[in-house]
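Visitor: For reference, the structure I am asking about is given below.
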Protein chains: 2
Amino acid sequence: MTRKSGDASRSTIRDVAARAGVSASTVSRVLGGEYPVSAATRGRVMRAVRELDYVADARAKAIAGVGTPTLAFVLEDITGPSFAHMAHGVEREATRLGHLCLVCSTEGDVRHELEFVEMMRAQRAAAVILVGGTADTPEYRERTHRMADSLASAGSRLVLCGRPPLDPGAPVTVIEYDNEGGAYTLVAHVLAQGHRRVLYLGGRTDHTTALGREHGYLAAHRARGLDPDPSLVLHGDFTRDSGHRLTQQALKDGLEFSAVVAATDMVAAGALTALHEAGLTVPGDVSLAGYDDIPFARDLHPALTTVHVPYEELGRLAVRTALERTPGAPDEHLLLGTHVVVRDSVGAPPAR
Amino acid sequence: MTRKSGDASRSTIRDVAARAGVSASTVSRVLGGEYPVSAATRGRVMRAVRELDYVADARAKAIAGVGTPTLAFVLEDITGPSFAHMAHGVEREATRLGHLCLVCSTEGDVRHELEFVEMMRAQRAAAVILVGGTADTPEYRERTHRMADSLASAGSRLVLCGRPPLDPGAPVTVIEYDNEGGAYTLVAHVLAQGHRRVLYLGGRTDHTTALGREHGYLAAHRARGLDPDPSLVLHGDFTRDSGHRLTQQALKDGLEFSAVVAATDMVAAGALTALHEAGLTVPGDVSLAGYDDIPFARDLHPALTTVHVPYEELGRLAVRTALERTPGAPDEHLLLGTHVVVRDSVGAPPAR
DNA sequence: TCCGTCATGGGAACCGGTTGCTACGGTGTT
DNA sequence: AACACCGTAGCAACCGGTTCCCATGACGGA
């Protein structure tokens, strides 16, 4: 079991050259590929490489203009299941295409987002993928437009993944999925069971993902000629605690409803627990639906009816469209569809 | 709303120097910090920097020996909740310490792991963190020992996070948590309720995490003078589908048990659904416990009794110990404790 | 008024690679 | 035997930064 004696410090191409008795250029050419080198020389070089356990410095190669650039993605928090799936898609596709991935989480802080994008620009990342919804304000559009320009001028590219598009003219690739459409279909399904008072557990009022789903909720009502009671639309965030708290509060306030539609499965999970705690059965007393179709949705009891979002596909597409883009091409904007997964948590309202 | 006209290509420090009418060294000094530069010069340089939207190339800085190196972590699959939490801890701590993070997922393929570590070495990463359990074979130890040497000789460092330690002598930092101890306490708790036939839903038989927990299961029995029926120990993987399938099979096979202990919460979730599908109540007919304390555990019905593992802390510690290590110091090996979280899924066995 | 000193900025070498161009030695041709 | 040609390897310049070392000019003191 001979083990290479730990050479104190990383060795350079010149060390290898010296050991093989050739010049650095020759080593580079042996390792690099195409250039003709005699078998004897190649052998000596390869042996020196092995003996020194040499690996060329990827950053030096990058600077010299060879080697694949890295890819960066920025998200709010990797522990959210839907974020994790997007991240997974991004990572897999990047790896498949031979790129390494830089990742950072902003913890929802816009300043961090700006800092990170600046760092990615310094890294000369091939593309920067911003993952997940956000508050869609004029300030957001302005700031993000600047990022896009700034990245574009550095030869990189901004990709918005599950995030609202900017004003036309911004050099940006957008991959979205249909929040409103999914919510519309889901709520239509709930209404079709006969429910008339449907509690909506939404997210922050300025958050695009939350808002899109809320619009779908409203649109589904109006399509049926219904006018939803505004007091049935509650706002929190996308955590299970928010769902839990909001539902407890609604129950305590004596709000009348026969179904709950949550903005995410996480929220639905918290809501379910709150309903159980109040002694209500699902879907006997109250129906419940979520959004995202995270793996756990089917293990809730009852199994959760929800909207499936192709998160992983979203991430993969973000990478592919960004990387395979031809520089002059027009900006792309993809909108992925979703579909409802009917399980056991939605039933007819109780007879009164 | 003036927007900088997208300068076709990234600008270099020499472009900035030319525009400011100074030399590249001066620009470097203005940006770099300490060296005294007159206010007038500084002003001209800063203006040029702003006008060109210049950011120094981080890779060039890295090569020149300044700038913080990046940190790399390698895991099996970011979508697993416990992996995601470790990743989160790693990322947060790295960011706090001013490092960027490279991430890659191996999808459980050892070859990918090797390739990635080689790439990280080429990137001159400050440390490479290998996350999550694995098969602990002689081949694993040999291979990983080689990685550790190889990274050490490149001035980097290997960190094993939630992964079995190597033979002494390998230059490696190990941060583990106590799988056996947690399982021991958990199973002791179950046995204390009066259960005598406890089904164990384990992972792959060579996987250290799965094995540690299995040992805890056995040890808890023996500590009570019990001799667990080997047919009650089942093996699958760490997915909810595995828990679902194994439980269905156990039920179909007519296995007798009054409690189920799953190797992870995901497995427990699948088991719970299978139990419900069979018309069994939890914990009335069968008690159930998991391991990991993922956020969803409390939203299962009944809320899952499980073992809390400080995954995020684990990731943070991995980064901190690796980065704050003084080069000559002895190798560290930390073992974090776990604790049982008692919820509603474990009760007394049914009277017979 | 002359000289020493200090503040400031530039030139050049270096970090670790790649690659265009050139020089050298050996062979095949006439 | 002289010449051209080709295969091979090395020198040097470059990628985009940093930093050591030195030159210059302004200033204050004797």
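Chain identifiers are assigned as A, B, and so on, following the order in which chains appear in the structure tokens; residues are numbered from 1 within each chain, and ligands are numbered from 1 in order of appearance.
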Report as a VMD selection string: the residues of region 126-289 of chain B with a DSSP assignment of helix (DSSP H, G or I), based on the backbone of this structure.
Guide: chain B and resid 138 to 153 179 to 192 208 to 223 230 to 232 240 to 252 265 to 277
Visitor: What would the file look like if the residues just selected were written as a PDB file, in the first residue's frame with C-alpha atoms?
Guide:
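Final output, out.pdb:
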ATOM      1  CA  PRO B 138     -11.996  -1.236   2.954  1.00  0.00           C
ATOM      2  CA  GLU B 139     -12.205   0.070  -0.581  1.00  0.00           C
ATOM      3  CA  TYR B 140     -13.976   3.188   0.715  1.00  0.00           C
ATOM      4  CA  ARG B 141     -11.297   3.829   3.302  1.00  0.00           C
ATOM      5  CA  GLU B 142      -8.508   3.345   0.837  1.00  0.00           C
ATOM      6  CA  ARG B 143     -10.081   5.554  -1.786  1.00  0.00           C
ATOM      7  CA  THR B 144     -11.011   8.277   0.658  1.00  0.00           C
ATOM      8  CA  HIS B 145      -7.610   8.174   2.280  1.00  0.00           C
ATOM      9  CA  ARG B 146      -6.113   8.814  -1.136  1.00  0.00           C
ATOM     10  CA  MET B 147      -8.458  11.754  -1.656  1.00  0.00           C
ATOM     11  CA  ALA B 148      -7.462  13.170   1.696  1.00  0.00           C
ATOM     12  CA  ASP B 149      -3.749  12.892   0.904  1.00  0.00           C
ATOM     13  CA  SER B 150      -4.233  14.304  -2.513  1.00  0.00           C
ATOM     14  CA  LEU B 151      -6.155  17.301  -1.207  1.00  0.00           C
ATOM     15  CA  ALA B 152      -3.735  17.841   1.648  1.00  0.00           C
ATOM     16  CA  SER B 153      -0.802  17.899  -0.724  1.00  0.00           C
ATOM     17  CA  ASN B 179     -26.574   7.512  15.045  1.00  0.00           C
ATOM     18  CA  GLU B 180     -26.325   4.618  17.419  1.00  0.00           C
ATOM     19  CA  GLY B 181     -26.935   6.662  20.536  1.00  0.00           C
ATOM     20  CA  GLY B 182     -29.998   8.363  19.098  1.00  0.00           C
ATOM     21  CA  ALA B 183     -31.501   5.095  17.941  1.00  0.00           C
ATOM     22  CA  TYR B 184     -30.711   3.510  21.278  1.00  0.00           C
ATOM     23  CA  THR B 185     -32.563   6.183  23.211  1.00  0.00           C
ATOM     24  CA  LEU B 186     -35.465   6.173  20.791  1.00  0.00           C
ATOM     25  CA  VAL B 187     -35.924   2.419  20.847  1.00  0.00           C
ATOM     26  CA  ALA B 188     -35.505   2.379  24.605  1.00  0.00           C
ATOM     27  CA  HIS B 189     -38.363   4.855  24.764  1.00  0.00           C
ATOM     28  CA  VAL B 190     -40.504   2.599  22.585  1.00  0.00           C
ATOM     29  CA  LEU B 191     -39.659  -0.472  24.638  1.00  0.00           C
ATOM     30  CA  ALA B 192     -40.435   1.421  27.821  1.00  0.00           C
ATOM     31  CA  THR B 208     -23.045   3.545   7.883  1.00  0.00           C
ATOM     32  CA  THR B 209     -25.939   5.772   8.858  1.00  0.00           C
ATOM     33  CA  ALA B 210     -28.392   2.923   8.465  1.00  0.00           C
ATOM     34  CA  LEU B 211     -26.078   0.548  10.258  1.00  0.00           C
ATOM     35  CA  GLY B 212     -25.435   2.863  13.203  1.00  0.00           C
ATOM     36  CA  ARG B 213     -29.148   3.218  13.784  1.00  0.00           C
ATOM     37  CA  GLU B 214     -29.657  -0.508  13.467  1.00  0.00           C
ATOM     38  CA  HIS B 215     -26.990  -1.109  16.080  1.00  0.00           C
ATOM     39  CA  GLY B 216     -28.788   1.284  18.404  1.00  0.00           C
ATOM     40  CA  TYR B 217     -31.987  -0.657  17.841  1.00  0.00           C
ATOM     41  CA  LEU B 218     -30.285  -3.907  18.765  1.00  0.00           C
ATOM     42  CA  ALA B 219     -28.374  -2.450  21.691  1.00  0.00           C
ATOM     43  CA  ALA B 220     -31.540  -1.022  23.235  1.00  0.00           C
ATOM     44  CA  HIS B 221     -33.108  -4.450  23.111  1.00  0.00           C
ATOM     45  CA  ARG B 222     -30.138  -6.140  24.666  1.00  0.00           C
ATOM     46  CA  ALA B 223     -29.896  -3.511  27.378  1.00  0.00           C
ATOM     47  CA  PRO B 230     -34.134 -11.019  13.279  1.00  0.00           C
ATOM     48  CA  SER B 231     -37.122 -11.268  10.970  1.00  0.00           C
ATOM     49  CA  LEU B 232     -38.265  -7.904  12.301  1.00  0.00           C
ATOM     50  CA  ARG B 240     -40.665   7.202   1.584  1.00  0.00           C
ATOM     51  CA  ASP B 241     -41.392   4.606  -1.092  1.00  0.00           C
ATOM     52  CA  SER B 242     -39.102   2.165   0.655  1.00  0.00           C
ATOM     53  CA  GLY B 243     -40.955   2.654   3.937  1.00  0.00           C
ATOM     54  CA  HIS B 244     -44.254   2.256   2.176  1.00  0.00           C
ATOM     55  CA  ARG B 245     -43.263  -0.908   0.364  1.00  0.00           C
ATOM     56  CA  LEU B 246     -41.535  -2.562   3.300  1.00  0.00           C
ATOM     57  CA  THR B 247     -44.502  -1.933   5.583  1.00  0.00           C
ATOM     58  CA  GLN B 248     -46.987  -3.242   3.056  1.00  0.00           C
ATOM     59  CA  GLN B 249     -44.862  -6.339   2.667  1.00  0.00           C
ATOM     60  CA  ALA B 250     -44.537  -6.868   6.424  1.00  0.00           C
ATOM     61  CA  LEU B 251     -48.288  -6.587   6.797  1.00  0.00           C
ATOM     62  CA  LYS B 252     -48.901  -8.945   3.904  1.00  0.00           C
ATOM     63  CA  ASP B 265     -38.593  10.282   8.875  1.00  0.00           C
ATOM     64  CA  MET B 266     -39.047   9.853   5.142  1.00  0.00           C
ATOM     65  CA  VAL B 267     -39.237   6.104   5.624  1.00  0.00           C
ATOM     66  CA  ALA B 268     -41.609   6.642   8.535  1.00  0.00           C
ATOM     67  CA  ALA B 269     -43.858   8.777   6.347  1.00  0.00           C
ATOM     68  CA  GLY B 270     -44.196   5.970   3.819  1.00  0.00           C
ATOM     69  CA  ALA B 271     -44.765   3.477   6.612  1.00  0.00           C
ATOM     70  CA  LEU B 272     -47.472   5.637   8.127  1.00  0.00           C
ATOM     71  CA  THR B 273     -49.348   5.784   4.855  1.00  0.00           C
ATOM     72  CA  ALA B 274     -49.100   2.009   4.473  1.00  0.00           C
ATOM     73  CA  LEU B 275     -50.422   1.518   8.002  1.00  0.00           C
ATOM     74  CA  HIS B 276     -53.328   3.865   7.330  1.00  0.00           C
ATOM     75  CA  GLU B 277     -54.080   2.102   4.095  1.00  0.00           C
TER      76      GLU B 277
END
Visitor: Pull out every residue of chain A that has at least one atom within 12 Å of chain C, counting only C-alpha atoms (C1' of nucleotides), and report them as a list in words.
Guide: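 Result: Arg10, Ser11, Thr12, Ile13, Arg14, Asp15, Ala24, Ser25, Thr26, Val27, Ser28, Arg29, Leu31, Gly32, Tyr35, Val55, Ala56, Asp57, Ala58, Arg59, Ala60, Lys61, Ala62, Ile63, Ala64, Gly65, Val66 and Gly67 of chain A.
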Visitor: Please report, as a VMD selection string, each residue of region 52-241 of chain B to which DSSP assigns strand (DSSP E or B) when run on this structure's backbone.
Guide: chain B and resid 71 to 75 101 to 105 127 to 131 135 158 to 161 172 to 177 198 to 202 207 233 to 235
Visitor: For Leu288 (chain B), list every protein, DNA or RNA residue within 6 Å, evaluated using only C-alpha atoms (C1' of nucleotides), and leave out those in the same chain fewer than 3 positions away; present the list as a PDB file with N, CA and C atoms, in the first residue's frame.
Guide:
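Wrote it out as around-v1.pdb, contents follow:
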ATOM      1  N   ALA B 259     -45.042  -2.052  17.064  1.00  0.00           N
ATOM      2  CA  ALA B 259     -44.422  -0.746  16.840  1.00  0.00           C
ATOM      3  C   ALA B 259     -43.497  -0.833  15.635  1.00  0.00           C
ATOM      4  N   VAL B 260     -43.322   0.310  14.983  1.00  0.00           N
ATOM      5  CA  VAL B 260     -42.412   0.396  13.854  1.00  0.00           C
ATOM      6  C   VAL B 260     -41.417   1.514  14.128  1.00  0.00           C
ATOM      7  N   VAL B 261     -40.141   1.197  13.993  1.00  0.00           N
ATOM      8  CA  VAL B 261     -39.122   2.243  14.064  1.00  0.00           C
ATOM      9  C   VAL B 261     -38.477   2.345  12.694  1.00  0.00           C
ATOM     10  N   SER B 345     -46.862   9.750  18.150  1.00  0.00           N
ATOM     11  CA  SER B 345     -46.998   8.537  17.357  1.00  0.00           C
ATOM     12  C   SER B 345     -46.573   7.269  18.097  1.00  0.00           C
ATOM     13  N   VAL B 346     -46.095   7.446  19.314  1.00  0.00           N
ATOM     14  CA  VAL B 346     -45.741   6.269  20.106  1.00  0.00           C
ATOM     15  C   VAL B 346     -46.611   6.218  21.354  1.00  0.00           C
TER      16      VAL B 346
END
Visitor: Give the residues of chain D that lie within 8 Å of chain B; count only C-alpha atoms (C1' of nucleotides), and format the answer as a PDB file with N, CA, C and O atoms (P, O5', C5', C4', C3', O3' and C1' of nucleotides), in the first residue's frame.
Guide:
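Saved to selection-v5.pdb:
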ATOM      1  P    DG D  16      -7.700  39.612 -20.306  1.00  0.00           P
ATOM      2  O5'  DG D  16      -7.495  39.815 -18.737  1.00  0.00           O
ATOM      3  C5'  DG D  16      -8.285  39.057 -17.829  1.00  0.00           C
ATOM      4  C4'  DG D  16      -7.803  39.314 -16.420  1.00  0.00           C
ATOM      5  C3'  DG D  16      -7.743  40.796 -16.034  1.00  0.00           C
ATOM      6  O3'  DG D  16      -8.245  40.946 -14.721  1.00  0.00           O
ATOM      7  C1'  DG D  16      -5.694  39.797 -15.618  1.00  0.00           C
ATOM      8  P    DG D  17      -8.746  42.352 -14.210  1.00  0.00           P
ATOM      9  O5'  DG D  17      -8.456  42.294 -12.645  1.00  0.00           O
ATOM     10  C5'  DG D  17      -7.289  42.866 -12.126  1.00  0.00           C
ATOM     11  C4'  DG D  17      -6.490  41.819 -11.393  1.00  0.00           C
ATOM     12  C3'  DG D  17      -5.537  42.372 -10.350  1.00  0.00           C
ATOM     13  O3'  DG D  17      -6.175  42.377  -9.081  1.00  0.00           O
ATOM     14  C1'  DG D  17      -4.463  40.760 -11.752  1.00  0.00           C
ATOM     15  P    DT D  18      -5.642  43.315  -7.955  1.00  0.00           P
ATOM     16  O5'  DT D  18      -4.198  42.754  -7.602  1.00  0.00           O
ATOM     17  C5'  DT D  18      -4.089  41.541  -6.864  1.00  0.00           C
ATOM     18  C4'  DT D  18      -2.636  41.315  -6.474  1.00  0.00           C
ATOM     19  C3'  DT D  18      -2.051  42.367  -5.525  1.00  0.00           C
ATOM     20  O3'  DT D  18      -1.308  41.662  -4.534  1.00  0.00           O
ATOM     21  C1'  DT D  18      -0.693  42.181  -7.451  1.00  0.00           C
TER      22       DT D  18
END
Visitor: Residues at most 10 Å from region 75-85 of chain A, counting only C-alpha atoms (C1' of nucleotides), excluding those fewer than 4 positions away in the same chain, as a PyMOL selection string?
Guide: (chain A and resi 89-91+103-110+112-113+129-134+161-162+238-239+264-266+292-296+309-315) or (chain B and resi 77-89+91-92+295)
Visitor: Counting only C-alpha atoms, which of A:Leu199, A:Leu114, A:Ala297, A:Val159 gets nearest to chain B?
Guide: A:Ala297
Visitor: Quote the spacing between CA of Gly337 (chain A) and CA of Thr305 (chain A) in Å to one decimal place.
Guide: 17.3 Å
Visitor: Have a look at A:His235, A:His207, A:Arg96, A:Arg298 and name the one nearest to chain B; count only C-alpha atoms.
Guide: A:Arg298
Visitor: Which residues come within 10 Å of Leu97 (chain B), counting only C-alpha atoms (C1' of nucleotides), excluding same-chain residues fewer than 3 positions away, as a list of chain:residue names?
Guide: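 Here the qualifying residues turn out to be B:Thr68, B:Glu91, B:Arg92, B:Glu93, B:Ala94, B:Leu100, B:Val319, B:Arg320, B:Leu323, B:Glu324.
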Visitor: Tell me which of A:Glu176, A:Asp285, A:Glu115, A:Asp229 sits closest to chain B, counting only C-alpha atoms.
Guide: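 Nearest candidate to chain B out of A:Glu176, A:Asp285, A:Glu115, A:Asp229: A:Glu115.
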